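Chemist: Take a look at the following structure, please.
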Amino acid sequence: MTQPTHPRITARARSWRLVSILLTLAGTAVVVSQVFLWNPFGPTLLTNQFLYVILAFFLSQVFIYYRARKPKDPTDVEPSGSEAHDDRLHHSVFDVPWWDAVLVAVTMGVCLYLALKGEAIVTFGWDVQSPVQALVLAYVLWALVLECLRRSAGLTVTVIALAFSLYPMIAATIPVPILQGVQFDSNSAAERHALGPDSILGLPLQTAAAILIGFLMFGVVLQRTGGADFFLDVARALFGRARGGSAKVAVTSSAGMGMMSGSAVSNVLTTGPMTIPAMKRSGYPATYAGGIEATAAAGGSITPPIMGTAAFLMVSFLGIPYSEVAIAAAIPAFLYYLGIFVQVDAHAAKHGLRGEAKHLLPKMKATLISGWPFIFAIALLTFLLVVRRDEAKAPFITVVVMLLIAFARRQNRLDMAGLRDIITASARAISEIIGIIAGVGLIVGGLSMTGVSLSLAGELVTLVGDNVLLILIAGAVTSFVLGMGMTISAVYVFLALVMAPALVALDVNPVAAHLFVIYWAAASYITPPVALAAFAAAGIAKSPPMATGFMAMRLGVVKYIIPFCFALNAALVAQGSLGTVALALGLATIGVFAMASGFEGWMPIVDRRLGPVTRVIAVVAGVSLLLPDRTTQLAGLVAALLLAVFLRLRPGTGARDNTDSQAQPRAEAVAV
């Protein structure tokens, strides 16, 4: 088969690609040395020295991969993800203009100088009173971080970060009493932001440098060595023949890929081109196919073992191992995907949509045998996270093992060009996250240095009294609104300082409180008017973006309910005894099944259509099963079981038979 050819990459672009590779290798070496305590070049770096070096090697690369202005010509697109290595003569991402080259050099120079002076910064308190040259560089770093944030996350979050970073200069004179705090002049603010431990170099960047970089590399290696194809083949082997098989394949493969990537949009762009056309061929409307893919992909940021960036930040804010965060998130993620799966099955049963022919599907045994490296990698990572609790070392160990296997295997062997692409894709992913996290640190710095972050939570509790539900609703709305213009990590950092402490003060479990914020911030991925994952899926499905967003919202409706339930019932985030958690999981499984059946208007297993009254009963019974009160749970269980028996005994199915993937109407049962 003739391989597609690409124009030769220019010499300048090739040089910048080499620069990116060298910076990434150097930055990774520093992280590995710090994490494993190897220290081949001397004593362990101080925390601020380590972070400045990371900024030098990765923040500088934002100016390599992201242009000051996004191209207007739709063909002149900055590549992302799997496109980042295409050799394009005129539009290569590595065609770095001279002004961005200057910014790369300035960023590296500023950060490396501050790294060399790291011990003096700590010893002599430069974050309070610094020499003139350090003060000038503090202003420069402040501006560079804001520009990197603008390029990597957009203008909205940059304006917000700028406002919070300037806020300490007016904190004492602001007219709103609850927002008044300690005031600083501009020089002091610059010193605290760039030289202190609570702003740019704060907890978010500390977590990203020590933990997140390794997991980002793991996700890239998994995808580039064939992980996406493996998850898709497993899903097809499992569910391809079932009714609505193509949609179930989309849900399962997106869930598997989401477990490893943690990114909704990249998940859509990875699995969507394969799953969405398959769903359309099976008889699903384009809008429904796009909605399914978007909803399934949006679960990536909430699905362990690799969740989104915000989950790693939870480690620092809560002071618990990442394994505990992953375990806590497991039940809600399972319930989320169960809800999607039940709705997909119900829709297929209602419209008589069949699966693929057996001879077109991959064999499970052969798929598992050929994909054993991915199974081994996931098992190894899980063991290191859960048993060894080495969250910082786990991804690096797993990446090395995966690369060795990829180089050694006979089929689809990794070559040097493939390794180069892995390094550059990792560089882009890491630089984007570092750019966002460093910018988000300015929000943390503005709130912490004024002392307002400590008082706002108390003011919120006073405002709502003891009404937990009211503050949960306020938190959900705030998370969602902020999520429309900010990244999930930015929303989480802000509300982890302001909203989560207020929830904890009202006796909401700390883990549940922080996951609540993440869930509602992530809801913006599938909720119009933003709905980035839905819009990405709409582009592949060739469906109306807003209609696809509303369809994704309907299919992912469980995502809007589950956070309230686990905030009120901490057993749903694995907080409690094994028996309590197991009982909560069992009841919640029945509850989500009932809810999803009610939302779709069809109950699988009993295979009966639900009318308006029975749909309401199913949803109410389902929600009752997720609440902590035993009486409410029992009432919900009885109602769900009686409803299932009633539907089963009622004659007729109301289903449609779909022969050769074309729905043909049959007589419908009268809906109650």
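As shown in the structure tokens, the chain order sets the letters A, B, ...; within each chain, residues go from 1, and ligands are also counted from 1 in the order they appear.
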Residues near range 282-299 of chain A, anyone? I mean within 7 Å using only C-alpha atoms, not counting same-chain ones fewer than 2 positions away, as a PDB file with C-alpha atoms, in the first residue's frame.
Modeler:
ATOM      1  CA  SER A 246     -21.922   0.549  17.559  1.00  0.00           C
ATOM      2  CA  ALA A 250     -18.376   4.101  21.365  1.00  0.00           C
ATOM      3  CA  VAL A 251     -19.202   4.289  25.072  1.00  0.00           C
ATOM      4  CA  SER A 254     -14.243   6.177  25.001  1.00  0.00           C
ATOM      5  CA  ALA A 255     -14.388   5.067  28.620  1.00  0.00           C
ATOM      6  CA  GLY A 258     -10.668   8.307  28.914  1.00  0.00           C
ATOM      7  CA  ALA A 264     -12.557  15.065  26.800  1.00  0.00           C
ATOM      8  CA  ASN A 267     -10.777  11.616  23.506  1.00  0.00           C
ATOM      9  CA  VAL A 268     -13.417  12.689  20.966  1.00  0.00           C
ATOM     10  CA  GLY A 272     -14.746   9.726  17.327  1.00  0.00           C
ATOM     11  CA  ILE A 276     -19.297   8.113  14.971  1.00  0.00           C
ATOM     12  CA  ALA A 278     -20.052   3.365  12.593  1.00  0.00           C
ATOM     13  CA  MET A 279     -23.026   4.593  14.634  1.00  0.00           C
ATOM     14  CA  LYS A 280     -24.428   6.494  11.660  1.00  0.00           C
ATOM     15  CA  SER A 301     -11.612  13.842  33.412  1.00  0.00           C
ATOM     16  CA  ILE A 302     -13.517  11.918  36.097  1.00  0.00           C
ATOM     17  CA  THR A 303     -12.409   8.343  35.337  1.00  0.00           C
ATOM     18  CA  LEU A 353     -31.141  -1.052  16.173  1.00  0.00           C
ATOM     19  CA  TYR A 525     -17.775  20.010  28.168  1.00  0.00           C
ATOM     20  CA  ILE A 526     -21.200  18.707  27.129  1.00  0.00           C
ATOM     21  CA  ALA A 533     -16.527  17.995  23.473  1.00  0.00           C
ATOM     22  CA  ALA A 534     -19.968  18.095  21.865  1.00  0.00           C
ATOM     23  CA  ALA A 537     -18.071  15.480  17.992  1.00  0.00           C
ATOM     24  CA  ALA A 538     -20.510  17.528  15.886  1.00  0.00           C
ATOM     25  CA  ALA A 541     -20.723  13.701  12.796  1.00  0.00           C
ATOM     26  CA  LYS A 542     -21.581  16.657  10.511  1.00  0.00           C
ATOM     27  CA  SER A 543     -24.466  17.528  12.806  1.00  0.00           C
ATOM     28  CA  ALA A 547     -28.306  20.266  18.829  1.00  0.00           C
ATOM     29  CA  THR A 548     -25.450  17.839  19.437  1.00  0.00           C
ATOM     30  CA  GLY A 549     -24.654  19.661  22.681  1.00  0.00           C
ATOM     31  CA  MET A 551     -28.277  15.670  22.946  1.00  0.00           C
ATOM     32  CA  ALA A 552     -25.018  15.081  24.852  1.00  0.00           C
ATOM     33  CA  LEU A 555     -27.505  11.483  27.457  1.00  0.00           C
ATOM     34  CA  GLY A 556     -25.202  12.626  30.268  1.00  0.00           C
ATOM     35  CA  SER A 661     -29.978  -1.480  10.192  1.00  0.00           C
ATOM     36  CA  GLN A 662     -33.208   0.206   8.935  1.00  0.00           C
TER      37      GLN A 662
END
Chemist: Taking 3 positions as the minimum chain separation for residues in the same chain, which residues sit within 7 Å of range 622-637 of chain A when counting only C-alpha atoms? Answer as a list of chain:residue names.
Modeler: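 Residues near the query, excluding close chain neighbours: A:Cys565, A:Leu568, A:Asn569, A:Leu587, A:Ala588, A:Gly591, A:Val592, A:Ala594, A:Met595, A:Ala618, A:Val619, A:Ala640, A:Leu641.
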Chemist: Go ahead and save the residues from that selection, with all heavy atoms, as a short mmCIF file (atom, residue, chain, number, x, y, z; two decimals), in the first residue's frame.
Modeler:
data_model
loop_
_atom_site.label_atom_id
_atom_site.label_comp_id
_atom_site.auth_asym_id
_atom_site.auth_seq_id
_atom_site.Cartn_x
_atom_site.Cartn_y
_atom_site.Cartn_z
N CYS A 565 -25.66 13.57 44.88
CA CYS A 565 -25.87 12.34 45.65
C CYS A 565 -24.63 11.95 46.43
O CYS A 565 -24.73 11.59 47.61
CB CYS A 565 -26.30 11.21 44.72
SG CYS A 565 -27.91 11.49 43.92
N LEU A 568 -24.01 14.18 49.44
CA LEU A 568 -24.88 13.87 50.57
C LEU A 568 -24.66 12.46 51.11
O LEU A 568 -25.00 12.17 52.25
CB LEU A 568 -26.35 14.04 50.16
CG LEU A 568 -26.76 15.45 49.71
CD1 LEU A 568 -28.18 15.44 49.16
CD2 LEU A 568 -26.63 16.44 50.86
N ASN A 569 -24.10 11.59 50.28
CA ASN A 569 -23.87 10.19 50.66
C ASN A 569 -22.42 9.84 50.35
O ASN A 569 -22.08 9.39 49.26
CB ASN A 569 -24.83 9.28 49.90
CG ASN A 569 -24.72 7.83 50.33
OD1 ASN A 569 -24.00 7.50 51.28
ND2 ASN A 569 -25.42 6.94 49.65
N LEU A 587 -27.16 -0.32 45.66
CA LEU A 587 -28.39 0.47 45.54
C LEU A 587 -28.26 1.54 44.45
O LEU A 587 -29.20 1.80 43.71
CB LEU A 587 -28.73 1.12 46.89
CG LEU A 587 -29.11 0.15 48.02
CD1 LEU A 587 -29.27 0.91 49.33
CD2 LEU A 587 -30.40 -0.59 47.67
N ALA A 588 -27.07 2.16 44.37
CA ALA A 588 -26.86 3.20 43.37
C ALA A 588 -26.92 2.63 41.95
O ALA A 588 -27.41 3.29 41.03
CB ALA A 588 -25.53 3.89 43.60
N GLY A 591 -30.39 2.33 41.17
CA GLY A 591 -30.93 3.68 41.03
C GLY A 591 -30.59 4.31 39.69
O GLY A 591 -31.45 4.92 39.05
N VAL A 592 -29.34 4.18 39.26
CA VAL A 592 -28.94 4.76 37.98
C VAL A 592 -29.64 4.04 36.83
O VAL A 592 -30.06 4.67 35.84
CB VAL A 592 -27.41 4.70 37.82
CG1 VAL A 592 -26.98 5.01 36.39
CG2 VAL A 592 -26.74 5.66 38.79
N ALA A 594 -32.61 2.72 36.95
CA ALA A 594 -33.98 3.24 36.93
C ALA A 594 -34.02 4.66 36.35
O ALA A 594 -34.89 4.99 35.53
CB ALA A 594 -34.57 3.22 38.34
N MET A 595 -33.08 5.50 36.78
CA MET A 595 -33.05 6.88 36.28
C MET A 595 -32.85 6.92 34.78
O MET A 595 -33.55 7.63 34.05
CB MET A 595 -31.93 7.66 36.97
CG MET A 595 -32.32 8.34 38.26
SD MET A 595 -31.08 9.57 38.74
CE MET A 595 -29.64 8.55 38.99
N ALA A 618 -39.81 6.24 37.67
CA ALA A 618 -38.48 5.63 37.54
C ALA A 618 -37.39 6.60 37.97
O ALA A 618 -36.46 6.22 38.69
CB ALA A 618 -38.26 5.18 36.10
N VAL A 619 -37.49 7.86 37.55
CA VAL A 619 -36.46 8.84 37.90
C VAL A 619 -36.46 9.12 39.40
O VAL A 619 -35.40 9.15 40.05
CB VAL A 619 -36.67 10.15 37.10
CG1 VAL A 619 -35.73 11.24 37.61
CG2 VAL A 619 -36.45 9.91 35.61
N ALA A 640 -38.93 0.95 42.46
CA ALA A 640 -38.26 0.51 41.24
C ALA A 640 -38.63 -0.94 40.92
O ALA A 640 -38.90 -1.28 39.75
CB ALA A 640 -36.75 0.65 41.39
N LEU A 641 -38.66 -1.80 41.93
CA LEU A 641 -38.99 -3.21 41.70
C LEU A 641 -40.45 -3.38 41.28
O LEU A 641 -40.75 -4.15 40.35
CB LEU A 641 -38.71 -4.03 42.97
CG LEU A 641 -37.22 -4.15 43.35
CD1 LEU A 641 -37.07 -4.90 44.67
CD2 LEU A 641 -36.43 -4.86 42.25
#
Chemist: What does the distance between CA of Ala247 in chain A and CA of Asp229 in chain A come to in Å, to one decimal place?
Modeler: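 Those two atoms sit 16.3 Å apart.
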Chemist: Find the residues of range 139-191 of chain A that sit at most 12 Å from range 119-132 of chain A; for each, write down the nearest two atoms and how far apart they are in Å, to one decimal. Count only C-alpha atoms. Sort by chain, then by number going up, and give it as a tab-separated table.
Modeler:
residue	atom	partner	partner_atom	distance
A:Tyr139	CA	A:Val132	CA	10.9
A:Phe184	CA	A:Val128	CA	10.7
A:Asp185	CA	A:Val128	CA	11.4
A:Asn187	CA	A:Gln129	CA	9.0
A:Ser188	CA	A:Val128	CA	6.6
A:Ala189	CA	A:Asp127	CA	8.9
A:Ala190	CA	A:Asp127	CA	8.5
A:Glu191	CA	A:Asp127	CA	4.7
Chemist: Any chance you can output those residues with N, CA, C and O atoms as a PDB file, in the first residue's frame?
Modeler:
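selection-v1.pdb written:
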ATOM      1  N   TYR A 139       8.701  40.889  37.521  1.00  0.00           N
ATOM      2  CA  TYR A 139       7.705  41.487  36.630  1.00  0.00           C
ATOM      3  C   TYR A 139       7.685  40.772  35.274  1.00  0.00           C
ATOM      4  O   TYR A 139       6.614  40.504  34.700  1.00  0.00           O
ATOM      5  N   PHE A 184      -1.148  45.230  49.027  1.00  0.00           N
ATOM      6  CA  PHE A 184       0.268  45.274  48.674  1.00  0.00           C
ATOM      7  C   PHE A 184       0.479  46.295  47.570  1.00  0.00           C
ATOM      8  O   PHE A 184      -0.430  46.545  46.764  1.00  0.00           O
ATOM      9  N   ASP A 185       1.693  46.876  47.519  1.00  0.00           N
ATOM     10  CA  ASP A 185       2.017  47.704  46.362  1.00  0.00           C
ATOM     11  C   ASP A 185       2.435  46.800  45.212  1.00  0.00           C
ATOM     12  O   ASP A 185       2.571  45.582  45.370  1.00  0.00           O
ATOM     13  N   ASN A 187       5.253  46.379  43.555  1.00  0.00           N
ATOM     14  CA  ASN A 187       6.524  45.657  43.701  1.00  0.00           C
ATOM     15  C   ASN A 187       6.377  44.452  44.616  1.00  0.00           C
ATOM     16  O   ASN A 187       6.882  43.356  44.327  1.00  0.00           O
ATOM     17  N   SER A 188       5.683  44.635  45.728  1.00  0.00           N
ATOM     18  CA  SER A 188       5.478  43.525  46.663  1.00  0.00           C
ATOM     19  C   SER A 188       4.639  42.424  46.026  1.00  0.00           C
ATOM     20  O   SER A 188       4.897  41.230  46.227  1.00  0.00           O
ATOM     21  N   ALA A 189       3.634  42.828  45.246  1.00  0.00           N
ATOM     22  CA  ALA A 189       2.800  41.833  44.568  1.00  0.00           C
ATOM     23  C   ALA A 189       3.629  41.030  43.569  1.00  0.00           C
ATOM     24  O   ALA A 189       3.501  39.802  43.484  1.00  0.00           O
ATOM     25  N   ALA A 190       4.483  41.708  42.817  1.00  0.00           N
ATOM     26  CA  ALA A 190       5.332  41.012  41.845  1.00  0.00           C
ATOM     27  C   ALA A 190       6.263  40.032  42.542  1.00  0.00           C
ATOM     28  O   ALA A 190       6.470  38.900  42.069  1.00  0.00           O
ATOM     29  N   GLU A 191       6.848  40.465  43.669  1.00  0.00           N
ATOM     30  CA  GLU A 191       7.752  39.581  44.421  1.00  0.00           C
ATOM     31  C   GLU A 191       7.019  38.364  44.938  1.00  0.00           C
ATOM     32  O   GLU A 191       7.520  37.231  44.848  1.00  0.00           O
TER      33      GLU A 191
END
Chemist: Per DSSP on the backbone, what are the alpha helix (DSSP H) residues of range 120-168 of chain A, as a PDB file with C-alpha atoms, in the first residue's frame?
Modeler:
ATOM      1  CA  ALA A 120      19.192  33.180  48.062  1.00  0.00           C
ATOM      2  CA  ILE A 121      15.478  33.696  47.409  1.00  0.00           C
ATOM      3  CA  VAL A 122      14.651  31.423  50.341  1.00  0.00           C
ATOM      4  CA  THR A 123      17.508  32.441  52.662  1.00  0.00           C
ATOM      5  CA  VAL A 132      16.522  45.313  41.776  1.00  0.00           C
ATOM      6  CA  GLN A 133      17.483  42.716  39.156  1.00  0.00           C
ATOM      7  CA  ALA A 134      15.321  40.060  40.812  1.00  0.00           C
ATOM      8  CA  LEU A 135      12.397  42.513  41.034  1.00  0.00           C
ATOM      9  CA  VAL A 136      12.664  43.302  37.334  1.00  0.00           C
ATOM     10  CA  LEU A 137      12.725  39.600  36.479  1.00  0.00           C
ATOM     11  CA  ALA A 138       9.713  39.040  38.750  1.00  0.00           C
ATOM     12  CA  TYR A 139       7.705  41.487  36.630  1.00  0.00           C
ATOM     13  CA  VAL A 140       8.955  39.798  33.461  1.00  0.00           C
ATOM     14  CA  LEU A 141       7.995  36.318  34.688  1.00  0.00           C
ATOM     15  CA  TRP A 142       4.566  37.604  35.750  1.00  0.00           C
ATOM     16  CA  ALA A 143       3.951  38.923  32.219  1.00  0.00           C
ATOM     17  CA  LEU A 144       5.334  35.785  30.552  1.00  0.00           C
ATOM     18  CA  VAL A 145       3.071  33.519  32.596  1.00  0.00           C
ATOM     19  CA  LEU A 146       0.009  35.565  31.645  1.00  0.00           C
ATOM     20  CA  GLU A 147       0.924  35.408  27.954  1.00  0.00           C
ATOM     21  CA  CYS A 148       1.489  31.649  28.163  1.00  0.00           C
ATOM     22  CA  LEU A 149      -1.895  31.284  29.852  1.00  0.00           C
ATOM     23  CA  ARG A 150      -3.550  33.306  27.088  1.00  0.00           C
ATOM     24  CA  ARG A 151      -2.014  31.142  24.380  1.00  0.00           C
ATOM     25  CA  SER A 152      -2.731  27.810  26.042  1.00  0.00           C
ATOM     26  CA  ALA A 153      -6.127  28.431  27.704  1.00  0.00           C
ATOM     27  CA  LEU A 155      -8.360  35.120  26.786  1.00  0.00           C
ATOM     28  CA  THR A 156     -11.187  34.631  29.295  1.00  0.00           C
ATOM     29  CA  VAL A 157      -9.202  32.743  31.908  1.00  0.00           C
ATOM     30  CA  THR A 158      -6.256  35.102  31.335  1.00  0.00           C
ATOM     31  CA  VAL A 159      -8.368  38.150  32.133  1.00  0.00           C
ATOM     32  CA  ILE A 160      -9.603  36.411  35.275  1.00  0.00           C
ATOM     33  CA  ALA A 161      -6.052  35.478  36.323  1.00  0.00           C
ATOM     34  CA  LEU A 162      -4.841  39.018  35.628  1.00  0.00           C
ATOM     35  CA  ALA A 163      -7.661  40.472  37.731  1.00  0.00           C
ATOM     36  CA  PHE A 164      -6.866  38.186  40.668  1.00  0.00           C
ATOM     37  CA  SER A 165      -3.140  38.840  40.374  1.00  0.00           C
ATOM     38  CA  LEU A 166      -3.778  42.611  40.525  1.00  0.00           C
TER      39      LEU A 166
END
Chemist: Find, counting only C-alpha atoms, the residue in A:Ile423, A:Ile488, A:Ala476, A:Ala574 that gets nearest to Val220 in chain A.
Modeler: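 Nearest candidate to Val220 in chain A out of A:Ile423, A:Ile488, A:Ala476, A:Ala574: A:Ile423.
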Chemist: Got a sec: who's within 12 Å of range 511-513 of chain A, counting only C-alpha atoms, leaving out chain neighbours fewer than 5 positions off, as a PyMOL selection string?
Modeler: chain A and resi 311+314-315+317-322+324-329+331-332+468+471-472+475-476+492+495-506+518-520+562-576
Chemist: Given the choices A:Val35, A:Val182, A:Ala208, A:Leu201, which gets closest to Ala394 in chain A if the distance is worked out from only C-alpha atoms?
Modeler: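 Checking each candidate against Ala394 in chain A, we get A:Val35 as the closest.
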Chemist: Contacts of range 615-617 of chain A at 8 Å or less, counting only C-alpha atoms, minus same-chain residues fewer than 5 places along, as an MDAnalysis selection string?
Modeler: chainID A and resid 597:599 601 610 639:640 643
Chemist: Next, dump the selected residues to file, keeping only all heavy atoms, as a CSV table (one decimal), in the first residue's frame.
Modeler:
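The file below, out-v4.csv, is the result:
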chain,number,residue,atom,x,y,z
A,597,SER,N,-33.4,4.7,32.6
A,597,SER,CA,-34.6,4.1,31.9
A,597,SER,C,-35.7,5.2,31.8
A,597,SER,O,-36.3,5.4,30.8
A,597,SER,CB,-35.1,2.9,32.7
A,597,SER,OG,-34.2,1.9,32.7
A,598,GLY,N,-35.8,5.9,32.9
A,598,GLY,CA,-36.8,7.0,32.9
A,598,GLY,C,-36.5,8.1,31.9
A,598,GLY,O,-37.4,8.6,31.2
A,599,PHE,N,-35.2,8.5,31.9
A,599,PHE,CA,-34.8,9.6,31.0
A,599,PHE,C,-35.0,9.1,29.5
A,599,PHE,O,-35.4,10.0,28.7
A,599,PHE,CB,-33.4,9.9,31.2
A,599,PHE,CG,-33.1,10.6,32.5
A,599,PHE,CD1,-32.1,10.3,33.3
A,599,PHE,CD2,-34.0,11.7,32.9
A,599,PHE,CE1,-31.9,10.9,34.6
A,599,PHE,CE2,-33.8,12.3,34.1
A,599,PHE,CZ,-32.7,11.9,35.0
A,601,GLY,N,-37.1,6.6,28.4
A,601,GLY,CA,-38.4,6.2,28.1
A,601,GLY,C,-38.6,4.7,27.8
A,601,GLY,O,-39.5,4.3,27.1
A,610,LEU,N,-41.8,3.2,28.6
A,610,LEU,CA,-42.3,3.9,29.8
A,610,LEU,C,-43.1,5.1,29.3
A,610,LEU,O,-42.6,5.8,28.3
A,610,LEU,CB,-41.2,4.4,30.7
A,610,LEU,CG,-40.7,3.4,31.7
A,610,LEU,CD1,-39.8,2.3,31.0
A,610,LEU,CD2,-39.8,4.1,32.8
A,639,ALA,N,-40.2,0.9,45.0
A,639,ALA,CA,-40.9,1.6,43.8
A,639,ALA,C,-40.3,1.1,42.5
A,639,ALA,O,-41.0,0.8,41.6
A,639,ALA,CB,-40.8,3.1,43.9
A,640,ALA,N,-38.9,1.0,42.5
A,640,ALA,CA,-38.3,0.5,41.2
A,640,ALA,C,-38.6,-0.9,40.9
A,640,ALA,O,-38.9,-1.3,39.8
A,640,ALA,CB,-36.7,0.7,41.4
A,643,LEU,N,-42.3,-1.2,39.8
A,643,LEU,CA,-42.4,-0.7,38.5
A,643,LEU,C,-41.9,-1.7,37.4
A,643,LEU,O,-42.6,-1.9,36.4
A,643,LEU,CB,-41.6,0.6,38.3
A,643,LEU,CG,-41.6,1.3,36.9
A,643,LEU,CD1,-43.0,1.7,36.5
A,643,LEU,CD2,-40.7,2.5,36.9
Chemist: Nearest residue to Ile397 in chain A out of A:Val32, A:Val93, A:Val452, A:Leu414, using only C-alpha atoms?
Modeler: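 Closest candidate: A:Val32.
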Chemist: Mind giving me the straight-line distance from CA of Tyr65 in chain A to CA of Val96 in chain A in Å, one decimal?
Modeler: 8.1 Å
Chemist: Excluding Glu356 in chain A and its own-chain neighbours fewer than 6 positions away, which residues fall within 7 Å of it when counting only C-alpha atoms? Please give them as a ChimeraX atom specification.
Modeler: /A:240-241,245
Chemist: Give me, as a PyMOL selection string, all polymer residues having an atom no more than 9 Å from Ala523 in chain A, counting only C-alpha atoms and skipping those fewer than 6 positions away in the same chain.
Modeler: chain A and resi 298+479-480+483+531+553+556+559-560
